[in-house]
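> Structure: my_file_25.cif, mmCIF, C-alpha atoms; chains and numbers go by the auth columns.
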data_structure
#
loop_
_atom_site.group_PDB
_atom_site.id
_atom_site.type_symbol
_atom_site.label_atom_id
_atom_site.label_comp_id
_atom_site.label_asym_id
_atom_site.label_seq_id
_atom_site.Cartn_x
_atom_site.Cartn_y
_atom_site.Cartn_z
_atom_site.B_iso_or_equiv
_atom_site.auth_seq_id
_atom_site.auth_asym_id
ATOM 1 C CA MET A 1 0.000 0.000 0.000 0.00 1 A
ATOM 2 C CA THR A 2 3.006 2.336 -0.047 0.00 2 A
ATOM 3 C CA ALA A 3 2.161 3.669 -3.497 0.00 3 A
ATOM 4 C CA ALA A 4 -1.360 4.580 -2.403 0.00 4 A
ATOM 5 C CA THR A 5 0.093 7.260 -0.185 0.00 5 A
ATOM 6 C CA GLY A 6 2.048 8.851 -3.055 0.00 6 A
ATOM 7 C CA THR A 7 1.204 11.556 -5.547 0.00 7 A
ATOM 8 C CA THR A 8 -2.426 11.570 -6.648 0.00 8 A
ATOM 9 C CA ARG A 9 -2.293 11.971 -10.411 0.00 9 A
ATOM 10 C CA TYR A 10 -6.008 11.672 -11.049 0.00 10 A
ATOM 11 C CA ALA A 11 -9.054 11.356 -8.827 0.00 11 A
ATOM 12 C CA THR A 12 -12.629 11.267 -10.011 0.00 12 A
ATOM 13 C CA THR A 13 -16.114 10.077 -9.183 0.00 13 A
ATOM 14 C CA VAL A 14 -18.344 8.146 -11.563 0.00 14 A
ATOM 15 C CA THR A 15 -21.576 9.956 -12.434 0.00 15 A
ATOM 16 C CA LYS A 16 -23.079 7.561 -14.994 0.00 16 A
ATOM 17 C CA VAL A 17 -22.401 4.137 -16.499 0.00 17 A
ATOM 18 C CA GLY A 18 -23.440 3.715 -20.130 0.00 18 A
ATOM 19 C CA GLU A 19 -25.674 0.879 -21.342 0.00 19 A
ATOM 20 C CA MET A 20 -22.937 -0.707 -23.460 0.00 20 A
ATOM 21 C CA VAL A 21 -20.351 -0.740 -20.664 0.00 21 A
ATOM 22 C CA PRO A 22 -21.117 -4.319 -19.515 0.00 22 A
ATOM 23 C CA ALA A 23 -20.430 -5.578 -23.058 0.00 23 A
ATOM 24 C CA PHE A 24 -17.035 -3.878 -22.968 0.00 24 A
ATOM 25 C CA VAL A 25 -16.331 -5.243 -19.486 0.00 25 A
ATOM 26 C CA GLU A 26 -16.758 -8.724 -20.974 0.00 26 A
ATOM 27 C CA LYS A 27 -13.930 -7.868 -23.363 0.00 27 A
ATOM 28 C CA GLY A 28 -11.726 -6.632 -20.515 0.00 28 A
ATOM 29 C CA MET A 29 -12.204 -2.981 -21.367 0.00 29 A
ATOM 30 C CA LEU A 30 -13.449 0.119 -19.564 0.00 30 A
ATOM 31 C CA ILE A 31 -13.795 3.413 -21.431 0.00 31 A
ATOM 32 C CA PHE A 32 -14.052 6.642 -19.451 0.00 32 A
ATOM 33 C CA PHE A 33 -15.002 10.123 -20.580 0.00 33 A
ATOM 34 C CA GLY A 34 -15.572 13.327 -18.653 0.00 34 A
ATOM 35 C CA GLU A 35 -19.276 13.968 -18.215 0.00 35 A
ATOM 36 C CA ASN A 36 -19.212 16.841 -20.718 0.00 36 A
ATOM 37 C CA ALA A 37 -18.425 14.385 -23.515 0.00 37 A
ATOM 38 C CA PRO A 38 -20.796 14.504 -26.473 0.00 38 A
ATOM 39 C CA ALA A 39 -23.933 12.384 -26.160 0.00 39 A
ATOM 40 C CA GLU A 40 -22.894 9.813 -28.780 0.00 40 A
ATOM 41 C CA LEU A 41 -20.085 8.655 -26.463 0.00 41 A
ATOM 42 C CA HIS A 42 -22.265 8.148 -23.378 0.00 42 A
ATOM 43 C CA ASP A 43 -23.551 4.631 -24.124 0.00 43 A
ATOM 44 C CA MET A 44 -20.082 3.120 -24.322 0.00 44 A
ATOM 45 C CA SER A 45 -18.554 5.113 -21.485 0.00 45 A
ATOM 46 C CA VAL A 46 -18.231 5.453 -17.774 0.00 46 A
ATOM 47 C CA LEU A 47 -18.853 9.181 -17.265 0.00 47 A
ATOM 48 C CA HIS A 48 -17.250 11.012 -14.386 0.00 48 A
ATOM 49 C CA ARG A 49 -16.448 14.359 -12.803 0.00 49 A
ATOM 50 C CA PRO A 50 -12.782 14.742 -11.767 0.00 50 A
ATOM 51 C CA ASP A 51 -11.430 16.418 -8.637 0.00 51 A
ATOM 52 C CA VAL A 52 -7.757 15.971 -9.524 0.00 52 A
ATOM 53 C CA ALA A 53 -6.774 15.943 -13.205 0.00 53 A
ATOM 54 C CA ASP A 54 -3.014 16.433 -13.170 0.00 54 A
ATOM 55 C CA GLY A 55 -2.222 13.340 -15.253 0.00 55 A
ATOM 56 C CA GLY A 56 1.290 12.006 -15.694 0.00 56 A
ATOM 57 C CA LEU A 57 0.267 8.359 -15.420 0.00 57 A
ATOM 58 C CA ALA A 58 3.280 6.090 -15.635 0.00 58 A
ATOM 59 C CA VAL A 59 4.105 2.423 -15.503 0.00 59 A
ATOM 60 C CA GLY A 60 4.228 1.331 -11.881 0.00 60 A
ATOM 61 C CA ASP A 61 1.514 3.721 -10.714 0.00 61 A
ATOM 62 C CA LEU A 62 -1.438 2.216 -8.944 0.00 62 A
ATOM 63 C CA LEU A 63 -4.920 2.547 -10.414 0.00 63 A
ATOM 64 C CA ILE A 64 -7.608 2.232 -7.763 0.00 64 A
ATOM 65 C CA LEU A 65 -11.236 1.564 -8.703 0.00 65 A
ATOM 66 C CA ASP A 66 -13.317 1.720 -5.519 0.00 66 A
ATOM 67 C CA ASP A 67 -11.353 -0.706 -3.291 0.00 67 A
ATOM 68 C CA ASP A 68 -9.607 -2.660 -6.054 0.00 68 A
ATOM 69 C CA GLU A 69 -5.984 -1.811 -6.840 0.00 69 A
ATOM 70 C CA PHE A 70 -4.321 -2.500 -10.192 0.00 70 A
ATOM 71 C CA PRO A 71 -0.687 -1.801 -11.093 0.00 71 A
ATOM 72 C CA ILE A 72 -0.369 0.095 -14.368 0.00 72 A
ATOM 73 C CA LEU A 73 1.619 -2.067 -16.802 0.00 73 A
ATOM 74 C CA ALA A 74 1.732 0.188 -19.873 0.00 74 A
ATOM 75 C CA VAL A 75 0.654 3.687 -20.897 0.00 75 A
ATOM 76 C CA GLY A 76 -0.026 4.555 -24.550 0.00 76 A
ATOM 77 C CA HIS A 77 1.541 7.707 -25.953 0.00 77 A
ATOM 78 C CA VAL A 78 -1.709 9.691 -26.162 0.00 78 A
ATOM 79 C CA ALA A 79 -3.313 8.347 -22.983 0.00 79 A
ATOM 80 C CA ASN A 80 -2.219 11.136 -20.661 0.00 80 A
ATOM 81 C CA ASP A 81 -3.257 13.927 -23.015 0.00 81 A
ATOM 82 C CA ASN A 82 -6.679 12.383 -23.479 0.00 82 A
ATOM 83 C CA LEU A 83 -7.127 11.921 -19.750 0.00 83 A
ATOM 84 C CA VAL A 84 -6.128 15.452 -18.798 0.00 84 A
ATOM 85 C CA ASN A 85 -7.936 17.182 -21.660 0.00 85 A
ATOM 86 C CA LEU A 86 -11.087 15.105 -21.998 0.00 86 A
ATOM 87 C CA GLY A 87 -11.292 12.902 -18.914 0.00 87 A
ATOM 88 C CA HIS A 88 -10.881 10.088 -21.434 0.00 88 A
ATOM 89 C CA ILE A 89 -9.036 6.854 -20.775 0.00 89 A
ATOM 90 C CA ASP A 90 -9.230 3.354 -22.246 0.00 90 A
ATOM 91 C CA LEU A 91 -8.450 0.814 -19.559 0.00 91 A
ATOM 92 C CA LYS A 92 -7.453 -2.550 -21.019 0.00 92 A
ATOM 93 C CA PHE A 93 -7.333 -5.440 -18.569 0.00 93 A
ATOM 94 C CA ASN A 94 -5.111 -7.404 -20.923 0.00 94 A
ATOM 95 C CA GLY A 95 -1.847 -7.971 -19.040 0.00 95 A
ATOM 96 C CA GLU A 96 0.131 -6.247 -21.826 0.00 96 A
ATOM 97 C CA THR A 97 3.346 -4.456 -20.985 0.00 97 A
ATOM 98 C CA THR A 98 3.492 -2.608 -24.300 0.00 98 A
ATOM 99 C CA PRO A 99 0.295 -0.741 -25.191 0.00 99 A
ATOM 100 C CA PRO A 100 -1.376 -2.154 -28.333 0.00 100 A
ATOM 101 C CA LEU A 101 -3.016 1.230 -29.036 0.00 101 A
ATOM 102 C CA GLY A 102 -1.916 4.799 -28.341 0.00 102 A
ATOM 103 C CA GLY A 103 -4.812 5.496 -26.011 0.00 103 A
ATOM 104 C CA ASP A 104 -4.442 2.334 -23.939 0.00 104 A
ATOM 105 C CA VAL A 105 -3.610 2.044 -20.275 0.00 105 A
ATOM 106 C CA CYS A 106 -2.896 -1.629 -19.653 0.00 106 A
ATOM 107 C CA LEU A 107 -3.628 -3.448 -16.415 0.00 107 A
ATOM 108 C CA PRO A 108 -3.352 -7.067 -15.284 0.00 108 A
ATOM 109 C CA LYS A 109 -5.479 -9.558 -17.187 0.00 109 A
ATOM 110 C CA GLU A 110 -8.565 -9.955 -15.035 0.00 110 A
ATOM 111 C CA VAL A 111 -12.264 -9.139 -15.091 0.00 111 A
ATOM 112 C CA PRO A 112 -12.792 -5.375 -14.666 0.00 112 A
ATOM 113 C CA PRO A 113 -14.741 -4.384 -11.579 0.00 113 A
ATOM 114 C CA THR A 114 -18.381 -3.312 -11.869 0.00 114 A
ATOM 115 C CA LEU A 115 -18.668 0.447 -11.461 0.00 115 A
ATOM 116 C CA LYS A 116 -21.728 2.469 -10.574 0.00 116 A
ATOM 117 C CA PRO A 117 -22.519 6.134 -9.961 0.00 117 A
ATOM 118 C CA GLY A 118 -20.498 7.182 -6.930 0.00 118 A
ATOM 119 C CA SER A 119 -17.671 4.726 -7.661 0.00 119 A
ATOM 120 C CA THR A 120 -14.214 6.239 -7.371 0.00 120 A
ATOM 121 C CA PHE A 121 -11.259 6.152 -9.772 0.00 121 A
ATOM 122 C CA ARG A 122 -7.827 7.175 -8.568 0.00 122 A
ATOM 123 C CA VAL A 123 -4.322 6.938 -9.946 0.00 123 A
ATOM 124 C CA VAL A 124 -1.550 7.229 -7.411 0.00 124 A
ATOM 125 C CA GLY A 125 2.139 7.470 -8.215 0.00 125 A
ATOM 126 C CA PRO A 126 5.102 6.861 -5.969 0.00 126 A
ATOM 127 C CA ALA A 127 5.635 9.379 -3.170 0.00 127 A
ATOM 128 C CA PRO A 128 7.584 12.380 -4.490 0.00 128 A
ATOM 129 C CA LYS A 129 11.283 12.282 -3.798 0.00 129 A
ATOM 130 C CA ASN A 130 13.125 15.297 -2.500 0.00 130 A
ATOM 131 C CA THR A 131 14.275 16.548 -5.885 0.00 131 A
ATOM 132 C CA ALA A 132 14.357 20.300 -5.248 0.00 132 A
ATOM 133 C CA ASN A 133 18.020 20.669 -6.172 0.00 133 A
ATOM 134 C CA THR A 134 18.304 17.720 -8.490 0.00 134 A
ATOM 135 C CA GLU A 135 18.956 18.306 -12.150 0.00 135 A
ATOM 136 C CA ILE A 136 18.163 15.813 -14.835 0.00 136 A
ATOM 137 C CA LYS A 137 21.457 14.648 -16.228 0.00 137 A
ATOM 138 C CA GLU A 138 22.033 12.847 -19.482 0.00 138 A
ATOM 139 C CA ILE A 139 23.447 9.398 -19.218 0.00 139 A
ATOM 140 C CA PRO A 140 26.717 9.369 -21.149 0.00 140 A
ATOM 141 C CA MET B 1 -25.567 31.519 -47.464 0.00 1 B
ATOM 142 C CA PRO B 2 -21.887 30.557 -47.379 0.00 2 B
ATOM 143 C CA ASP B 3 -20.285 29.432 -50.595 0.00 3 B
ATOM 144 C CA TYR B 4 -18.863 26.061 -49.593 0.00 4 B
ATOM 145 C CA LYS B 5 -15.709 24.653 -51.130 0.00 5 B
ATOM 146 C CA ALA B 6 -14.252 21.148 -51.128 0.00 6 B
ATOM 147 C CA VAL B 7 -11.006 20.011 -49.548 0.00 7 B
ATOM 148 C CA THR B 8 -9.153 16.741 -49.876 0.00 8 B
ATOM 149 C CA VAL B 9 -7.787 15.244 -46.666 0.00 9 B
ATOM 150 C CA SER B 10 -5.004 12.695 -47.090 0.00 10 B
ATOM 151 C CA LYS B 11 -3.430 10.412 -44.546 0.00 11 B
ATOM 152 C CA GLY B 12 -0.334 11.748 -42.836 0.00 12 B
ATOM 153 C CA ARG B 13 2.822 9.974 -41.789 0.00 13 B
ATOM 154 C CA GLY B 14 2.006 6.505 -40.489 0.00 14 B
ATOM 155 C CA GLY B 15 -1.672 7.135 -41.117 0.00 15 B
ATOM 156 C CA TRP B 16 -4.352 5.023 -42.751 0.00 16 B
ATOM 157 C CA GLY B 17 -7.356 5.429 -45.040 0.00 17 B
ATOM 158 C CA GLY B 18 -8.703 8.178 -47.220 0.00 18 B
ATOM 159 C CA PRO B 19 -8.199 10.415 -49.024 0.00 19 B
ATOM 160 C CA LEU B 20 -11.529 11.965 -48.086 0.00 20 B
ATOM 161 C CA VAL B 21 -13.189 14.817 -49.928 0.00 21 B
ATOM 162 C CA ILE B 22 -14.975 17.091 -47.466 0.00 22 B
ATOM 163 C CA LYS B 23 -17.506 19.586 -48.737 0.00 23 B
ATOM 164 C CA PRO B 24 -20.013 21.029 -46.284 0.00 24 B
ATOM 165 C CA THR B 25 -23.516 21.868 -47.437 0.00 25 B
ATOM 166 C CA ASP B 26 -26.355 23.924 -46.006 0.00 26 B
ATOM 167 C CA ASP B 27 -27.742 20.664 -44.581 0.00 27 B
ATOM 168 C CA LYS B 28 -24.331 19.497 -43.263 0.00 28 B
ATOM 169 C CA PRO B 29 -22.411 22.639 -42.341 0.00 29 B
ATOM 170 C CA LEU B 30 -20.558 21.476 -39.213 0.00 30 B
ATOM 171 C CA ILE B 31 -16.856 20.740 -38.825 0.00 31 B
ATOM 172 C CA TYR B 32 -17.209 18.786 -35.589 0.00 32 B
ATOM 173 C CA SER B 33 -14.126 18.777 -33.355 0.00 33 B
ATOM 174 C CA VAL B 34 -14.213 16.032 -30.707 0.00 34 B
ATOM 175 C CA THR B 35 -10.761 16.823 -29.363 0.00 35 B
ATOM 176 C CA GLY B 36 -8.989 18.147 -26.311 0.00 36 B
ATOM 177 C CA GLY B 37 -8.431 21.880 -25.987 0.00 37 B
ATOM 178 C CA GLY B 38 -11.284 23.200 -28.109 0.00 38 B
ATOM 179 C CA ILE B 39 -11.402 23.386 -31.914 0.00 39 B
ATOM 180 C CA HIS B 40 -8.364 21.487 -33.164 0.00 40 B
ATOM 181 C CA PRO B 41 -6.151 23.283 -35.751 0.00 41 B
ATOM 182 C CA VAL B 42 -6.970 20.523 -38.266 0.00 42 B
ATOM 183 C CA ALA B 43 -10.689 21.184 -37.806 0.00 43 B
ATOM 184 C CA GLN B 44 -10.089 24.918 -37.996 0.00 44 B
ATOM 185 C CA ARG B 45 -8.173 24.569 -41.272 0.00 45 B
ATOM 186 C CA ILE B 46 -10.917 22.424 -42.802 0.00 46 B
ATOM 187 C CA ALA B 47 -13.454 25.039 -41.699 0.00 47 B
ATOM 188 C CA ASP B 48 -11.361 27.923 -43.049 0.00 48 B
ATOM 189 C CA LEU B 49 -10.897 26.308 -46.461 0.00 49 B
ATOM 190 C CA THR B 50 -14.421 24.937 -46.905 0.00 50 B
ATOM 191 C CA GLY B 51 -16.532 27.659 -45.294 0.00 51 B
ATOM 192 C CA GLY B 52 -17.908 25.065 -42.863 0.00 52 B
ATOM 193 C CA GLN B 53 -18.801 25.942 -39.297 0.00 53 B
ATOM 194 C CA PRO B 54 -16.424 24.771 -36.537 0.00 54 B
ATOM 195 C CA PHE B 55 -18.238 23.099 -33.646 0.00 55 B
ATOM 196 C CA ASP B 56 -16.743 21.888 -30.336 0.00 56 B
ATOM 197 C CA GLY B 57 -18.291 18.537 -29.418 0.00 57 B
ATOM 198 C CA PHE B 58 -17.367 19.019 -25.772 0.00 58 B
ATOM 199 C CA LYS B 59 -19.303 22.272 -25.541 0.00 59 B
ATOM 200 C CA GLY B 60 -22.568 21.259 -27.145 0.00 60 B
ATOM 201 C CA SER B 61 -24.258 18.521 -29.076 0.00 61 B
ATOM 202 C CA ALA B 62 -24.924 18.297 -32.756 0.00 62 B
ATOM 203 C CA PRO B 63 -27.142 15.900 -34.718 0.00 63 B
ATOM 204 C CA PHE B 64 -25.103 13.551 -36.898 0.00 64 B
ATOM 205 C CA ASP B 65 -26.930 14.581 -40.045 0.00 65 B
ATOM 206 C CA LYS B 66 -25.567 18.128 -39.642 0.00 66 B
ATOM 207 C CA ILE B 67 -21.923 17.029 -39.506 0.00 67 B
ATOM 208 C CA ALA B 68 -19.754 17.314 -42.639 0.00 68 B
ATOM 209 C CA VAL B 69 -16.743 15.791 -40.876 0.00 69 B
ATOM 210 C CA ALA B 70 -15.712 14.755 -37.361 0.00 70 B
ATOM 211 C CA VAL B 71 -12.134 15.535 -36.290 0.00 71 B
ATOM 212 C CA ILE B 72 -10.921 13.386 -33.400 0.00 72 B
ATOM 213 C CA ASP B 73 -7.727 12.817 -31.391 0.00 73 B
ATOM 214 C CA CYS B 74 -8.503 9.189 -30.703 0.00 74 B
ATOM 215 C CA GLY B 75 -6.003 6.655 -29.472 0.00 75 B
ATOM 216 C CA GLY B 76 -7.754 3.789 -31.219 0.00 76 B
ATOM 217 C CA THR B 77 -10.608 2.429 -29.123 0.00 77 B
ATOM 218 C CA ALA B 78 -13.759 4.514 -28.850 0.00 78 B
ATOM 219 C CA ARG B 79 -14.177 7.578 -31.027 0.00 79 B
ATOM 220 C CA ILE B 80 -12.356 5.937 -33.931 0.00 80 B
ATOM 221 C CA GLY B 81 -15.421 3.786 -34.621 0.00 81 B
ATOM 222 C CA VAL B 82 -18.325 5.835 -33.300 0.00 82 B
ATOM 223 C CA TYR B 83 -18.446 8.378 -36.105 0.00 83 B
ATOM 224 C CA PRO B 84 -17.874 5.911 -38.963 0.00 84 B
ATOM 225 C CA MET B 85 -20.676 3.803 -37.415 0.00 85 B
ATOM 226 C CA LYS B 86 -22.930 6.865 -37.587 0.00 86 B
ATOM 227 C CA LYS B 87 -21.905 7.377 -41.239 0.00 87 B
ATOM 228 C CA VAL B 88 -19.923 10.527 -40.437 0.00 88 B
ATOM 229 C CA LEU B 89 -16.655 11.112 -42.304 0.00 89 B
ATOM 230 C CA THR B 90 -13.883 10.942 -39.714 0.00 90 B
ATOM 231 C CA VAL B 91 -10.407 12.477 -39.511 0.00 91 B
ATOM 232 C CA ASP B 92 -8.105 11.263 -36.718 0.00 92 B
ATOM 233 C CA ILE B 93 -5.078 13.435 -36.005 0.00 93 B
ATOM 234 C CA HIS B 94 -3.351 10.398 -34.503 0.00 94 B
ATOM 235 C CA ALA B 95 -1.912 7.759 -36.829 0.00 95 B
ATOM 236 C CA THR B 96 -4.389 4.995 -36.028 0.00 96 B
ATOM 237 C CA SER B 97 -5.570 2.059 -38.106 0.00 97 B
ATOM 238 C CA PRO B 98 -8.965 0.368 -37.721 0.00 98 B
ATOM 239 C CA SER B 99 -9.159 -0.962 -34.171 0.00 99 B
ATOM 240 C CA GLY B 100 -11.417 -1.111 -31.150 0.00 100 B
ATOM 241 C CA PRO B 101 -14.832 -2.738 -30.728 0.00 101 B
ATOM 242 C CA LEU B 102 -16.315 -0.801 -33.660 0.00 102 B
ATOM 243 C CA ALA B 103 -13.428 -1.438 -36.077 0.00 103 B
ATOM 244 C CA SER B 104 -15.702 -3.159 -38.593 0.00 104 B
ATOM 245 C CA PHE B 105 -17.402 0.169 -39.379 0.00 105 B
ATOM 246 C CA ILE B 106 -14.124 1.859 -40.366 0.00 106 B
ATOM 247 C CA ASN B 107 -13.048 1.889 -44.011 0.00 107 B
ATOM 248 C CA GLU B 108 -10.896 3.921 -46.388 0.00 108 B
ATOM 249 C CA GLN B 109 -13.948 5.779 -47.686 0.00 109 B
ATOM 250 C CA ASN B 110 -15.060 7.085 -44.279 0.00 110 B
ATOM 251 C CA PHE B 111 -11.832 7.432 -42.299 0.00 111 B
ATOM 252 C CA VAL B 112 -8.373 8.946 -42.597 0.00 112 B
ATOM 253 C CA SER B 113 -5.701 9.240 -39.898 0.00 113 B
ATOM 254 C CA GLY B 114 -2.364 10.734 -38.989 0.00 114 B
ATOM 255 C CA VAL B 115 -3.656 14.018 -40.393 0.00 115 B
ATOM 256 C CA SER B 116 -1.964 17.368 -39.818 0.00 116 B
ATOM 257 C CA ALA B 117 -2.865 20.730 -41.324 0.00 117 B
ATOM 258 C CA ASP B 118 -0.437 20.101 -44.219 0.00 118 B
ATOM 259 C CA ASP B 119 -2.469 17.070 -45.318 0.00 119 B
ATOM 260 C CA ILE B 120 -5.495 19.210 -46.163 0.00 120 B
ATOM 261 C CA VAL B 121 -5.544 20.742 -49.643 0.00 121 B
ATOM 262 C CA GLU B 122 -8.142 22.733 -51.524 0.00 122 B
ATOM 263 C CA GLY B 123 -10.177 20.991 -54.192 0.00 123 B
ATOM 264 C CA ALA B 124 -11.757 17.580 -54.688 0.00 124 B
#
Go ahead and render the structure in this file as structure tokens.

Amino acid sequence: MTAATGTTRYATTVTKVGEMVPAFVEKGMLIFFGENAPAELHDMSVLHRPDVADGGLAVGDLLILDDDEFPILAVGHVANDNLVNLGHIDLKFNGETTPPLGGDVCLPKEVPPTLKPGSTFRVVGPAPKNTANTEIKEIP
Amino acid sequence: MPDYKAVTVSKGRGGWGGPLVIKPTDDKPLIYSVTGGGIHPVAQRIADLTGGQPFDGFKGSAPFDKIAVAVIDCGGTARIGVYPMKKVLTVDIHATSPSGPLASFINEQNFVSGVSADDIVEGA
């Protein structure tokens, strides 16, 4: 549980679960969008209203859905931008360590939890190190 | 009444599909940007060249039959298939190929990806 006390990168509360979400859960997939997403995306999505939307998700962070914790195994190259800008993330419970798609955030291969309005979604990174005077140096 | 013009949108580096000819009409005037950070520059350029009306999908809702083209910044799962499924021409700024649960709706006649402003030229 050490990571759960680290930097909160994202924290949000589910406001609505679309009708098609259970079909995606069966395929090991959860799609989130901020609740201001256009209507055509609502059926397939878990809609939510974030409290913390800093982003910066990275491999090794912990994703926490209600009381279930999942280590993040891979982060696609557009996943953070989509999350910060649109509240959008594609969670793939596929066990992959390289993201098949640019928007993917990959988690261990298991059945995604059932979410409902009021469910919580958090991503927590490692506790910040004391890096105030540390410069990033190139490795020769 | 605006005088609408056509543009041709070709796939960019690493992209897939197209080229698509986009020409808004009085019935389908909207250049629908479903992207982070407001109207995406690709959507703005299509609007500027065609005379279409830019529309931010995260600030309002538009009926599909009013949309000349949807511009998305999709990573390959959700939006990539939603607009093709609804028979809306779709431009993804990311270099995606058909994927996601709605991949079967995506084809080279309704989708083009990897698009930057340089991939949009005047004319059909």
> Given the file shown, determine the residues that the PyMOL selection byres ((chain B) within 10 of (chain A)) selects; report them as a PyMOL selection string.
chain B and resi 34-38+56-64+73-79+82-83+86+94-97+99-101
> Using the selection just defined, write its residues with C-alpha atoms as a JSON list (two decimals), keeping the file's coordinate frame.

[["chain", "number", "residue", "atom", "x", "y", "z"],
["B", 34, "VAL", "CA", -14.21, 16.03, -30.71],
["B", 35, "THR", "CA", -10.76, 16.82, -29.36],
["B", 36, "GLY", "CA", -8.99, 18.15, -26.31],
["B", 37, "GLY", "CA", -8.43, 21.88, -25.99],
["B", 38, "GLY", "CA", -11.28, 23.20, -28.11],
["B", 56, "ASP", "CA", -16.74, 21.89, -30.34],
["B", 57, "GLY", "CA", -18.29, 18.54, -29.42],
["B", 58, "PHE", "CA", -17.37, 19.02, -25.77],
["B", 59, "LYS", "CA", -19.30, 22.27, -25.54],
["B", 60, "GLY", "CA", -22.57, 21.26, -27.14],
["B", 61, "SER", "CA", -24.26, 18.52, -29.08],
["B", 62, "ALA", "CA", -24.92, 18.30, -32.76],
["B", 63, "PRO", "CA", -27.14, 15.90, -34.72],
["B", 64, "PHE", "CA", -25.10, 13.55, -36.90],
["B", 73, "ASP", "CA", -7.73, 12.82, -31.39],
["B", 74, "CYS", "CA", -8.50, 9.19, -30.70],
["B", 75, "GLY", "CA", -6.00, 6.66, -29.47],
["B", 76, "GLY", "CA", -7.75, 3.79, -31.22],
["B", 77, "THR", "CA", -10.61, 2.43, -29.12],
["B", 78, "ALA", "CA", -13.76, 4.51, -28.85],
["B", 79, "ARG", "CA", -14.18, 7.58, -31.03],
["B", 82, "VAL", "CA", -18.32, 5.84, -33.30],
["B", 83, "TYR", "CA", -18.45, 8.38, -36.10],
["B", 86, "LYS", "CA", -22.93, 6.86, -37.59],
["B", 94, "HIS", "CA", -3.35, 10.40, -34.50],
["B", 95, "ALA", "CA", -1.91, 7.76, -36.83],
["B", 96, "THR", "CA", -4.39, 5.00, -36.03],
["B", 97, "SER", "CA", -5.57, 2.06, -38.11],
["B", 99, "SER", "CA", -9.16, -0.96, -34.17],
["B", 100, "GLY", "CA", -11.42, -1.11, -31.15],
["B", 101, "PRO", "CA", -14.83, -2.74, -30.73]]
> Residues near Ile46 in chain B, anyone? I mean within 9 Å using only C-alpha atoms, not counting same-chain ones fewer than 4 positions away, as a list in words.
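Once the nearby chain positions are removed, what remains is Val7, Val9, Ile22, Ile31, Pro41, Val42, Thr50, Gly51, Gly52, Pro54, Ala117, Ile120 and Val121 of chain B.
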> Can you spell out as a ChimeraX atom specification the set of residues that the PyMOL selection byres ((chain B and resi 13) around 10) selects in the structure I just provided?
/B:10-12,14-16,94-95,113-116,119
> Which residues fall under the PyMOL selection byres ((chain B and resi 90) around 9) in this file, as a PDB file with C-alpha atoms, keeping the file's coordinate frame?

ATOM      1  CA  LEU B  20     -11.529  11.965 -48.086  1.00  0.00           C
ATOM      2  CA  VAL B  69     -16.743  15.791 -40.876  1.00  0.00           C
ATOM      3  CA  ALA B  70     -15.712  14.755 -37.361  1.00  0.00           C
ATOM      4  CA  VAL B  71     -12.134  15.535 -36.290  1.00  0.00           C
ATOM      5  CA  ILE B  72     -10.921  13.386 -33.400  1.00  0.00           C
ATOM      6  CA  ILE B  80     -12.356   5.937 -33.931  1.00  0.00           C
ATOM      7  CA  GLY B  81     -15.421   3.786 -34.621  1.00  0.00           C
ATOM      8  CA  TYR B  83     -18.446   8.378 -36.105  1.00  0.00           C
ATOM      9  CA  PRO B  84     -17.874   5.911 -38.963  1.00  0.00           C
ATOM     10  CA  LYS B  87     -21.905   7.377 -41.239  1.00  0.00           C
ATOM     11  CA  VAL B  88     -19.923  10.527 -40.437  1.00  0.00           C
ATOM     12  CA  LEU B  89     -16.655  11.112 -42.304  1.00  0.00           C
ATOM     13  CA  VAL B  91     -10.407  12.477 -39.511  1.00  0.00           C
ATOM     14  CA  ASP B  92      -8.105  11.263 -36.718  1.00  0.00           C
ATOM     15  CA  ASN B 110     -15.060   7.085 -44.279  1.00  0.00           C
ATOM     16  CA  PHE B 111     -11.832   7.432 -42.299  1.00  0.00           C
ATOM     17  CA  VAL B 112      -8.373   8.946 -42.597  1.00  0.00           C
ATOM     18  CA  SER B 113      -5.701   9.240 -39.898  1.00  0.00           C
TER      19      SER B 113
END
> To one decimal place in Å, what is the distance between CA of Leu62 in chain A and CA of Pro50 in chain A?
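CA of Pro50 in chain A lies 17.1 Å from CA of Leu62 in chain A.
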> When you draw a straight line from CA of Lys66 in chain B to CA of Met85 in chain B, how long is it in Å?
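So the answer is 15.3 Å.
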> Just the residues within 10 Å of Val123 in chain A, please, counting all atoms listed in the file, with nothing from its chain fewer than 3 positions along; format it as number ranges by chain.
A: 3-4, 6-12, 52-53, 55-58, 61-65, 69-72
> With 6 Å on each side, where is the centre of the axis-aligned box around all listed atoms of range 22-26 of chain A, and how long are its edges in Å to one decimal, as AutoDock Vina command-line options?

--center_x -18.7 --center_y -6.3 --center_z -21.3 --size_x 16.8 --size_y 16.8 --size_z 15.6
> Have a look at CA of Gly18 in chain A and CA of Ser104 in chain B and let me know their distance in Å, one decimal.
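A separation of 21.2 Å between them.
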> With distances taken over only C-alpha atoms, which of A:Leu30, A:Val14, A:Val59, A:Val105 is nearest to Gly125 in chain A?
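Going through A:Leu30, A:Val14, A:Val59, A:Val105 one by one, the smallest distance to Gly125 in chain A is for A:Val59.
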> For Cys106 in chain A, please output as a list in words all residues within 8 Å (counting all atoms listed in the file; exclusion window: fewer than 3 positions along the same chain).
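Everything that qualifies: Ile72, Leu73, Ala74, Val75, Leu91, Lys92, Phe93, Asn94, Gly95, Glu96, Thr97, Thr98 and Pro99 of chain A.
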> Need the shell around Ser119 in chain A: protein/DNA/RNA residues with any atom at most 10 Å away, counting all atoms listed in the file. Skip same-chain ones fewer than 5 positions apart. Format as a ChimeraX atom specification?
/A:12-16,48,65-67,114
> Need the shell around Pro113 in chain A: protein/DNA/RNA residues with any atom at most 8 Å away, counting all atoms listed in the file. Skip same-chain ones fewer than 2 positions apart. Format as a PDB file with C-alpha atoms, in the coordinates of the input?

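For reference, selection-v4.pdb as written:
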ATOM      1  CA  LEU A  65     -11.236   1.564  -8.703  1.00  0.00           C
ATOM      2  CA  ASP A  68      -9.607  -2.660  -6.054  1.00  0.00           C
ATOM      3  CA  VAL A 111     -12.264  -9.139 -15.091  1.00  0.00           C
ATOM      4  CA  LEU A 115     -18.668   0.447 -11.461  1.00  0.00           C
TER       5      LEU A 115
END
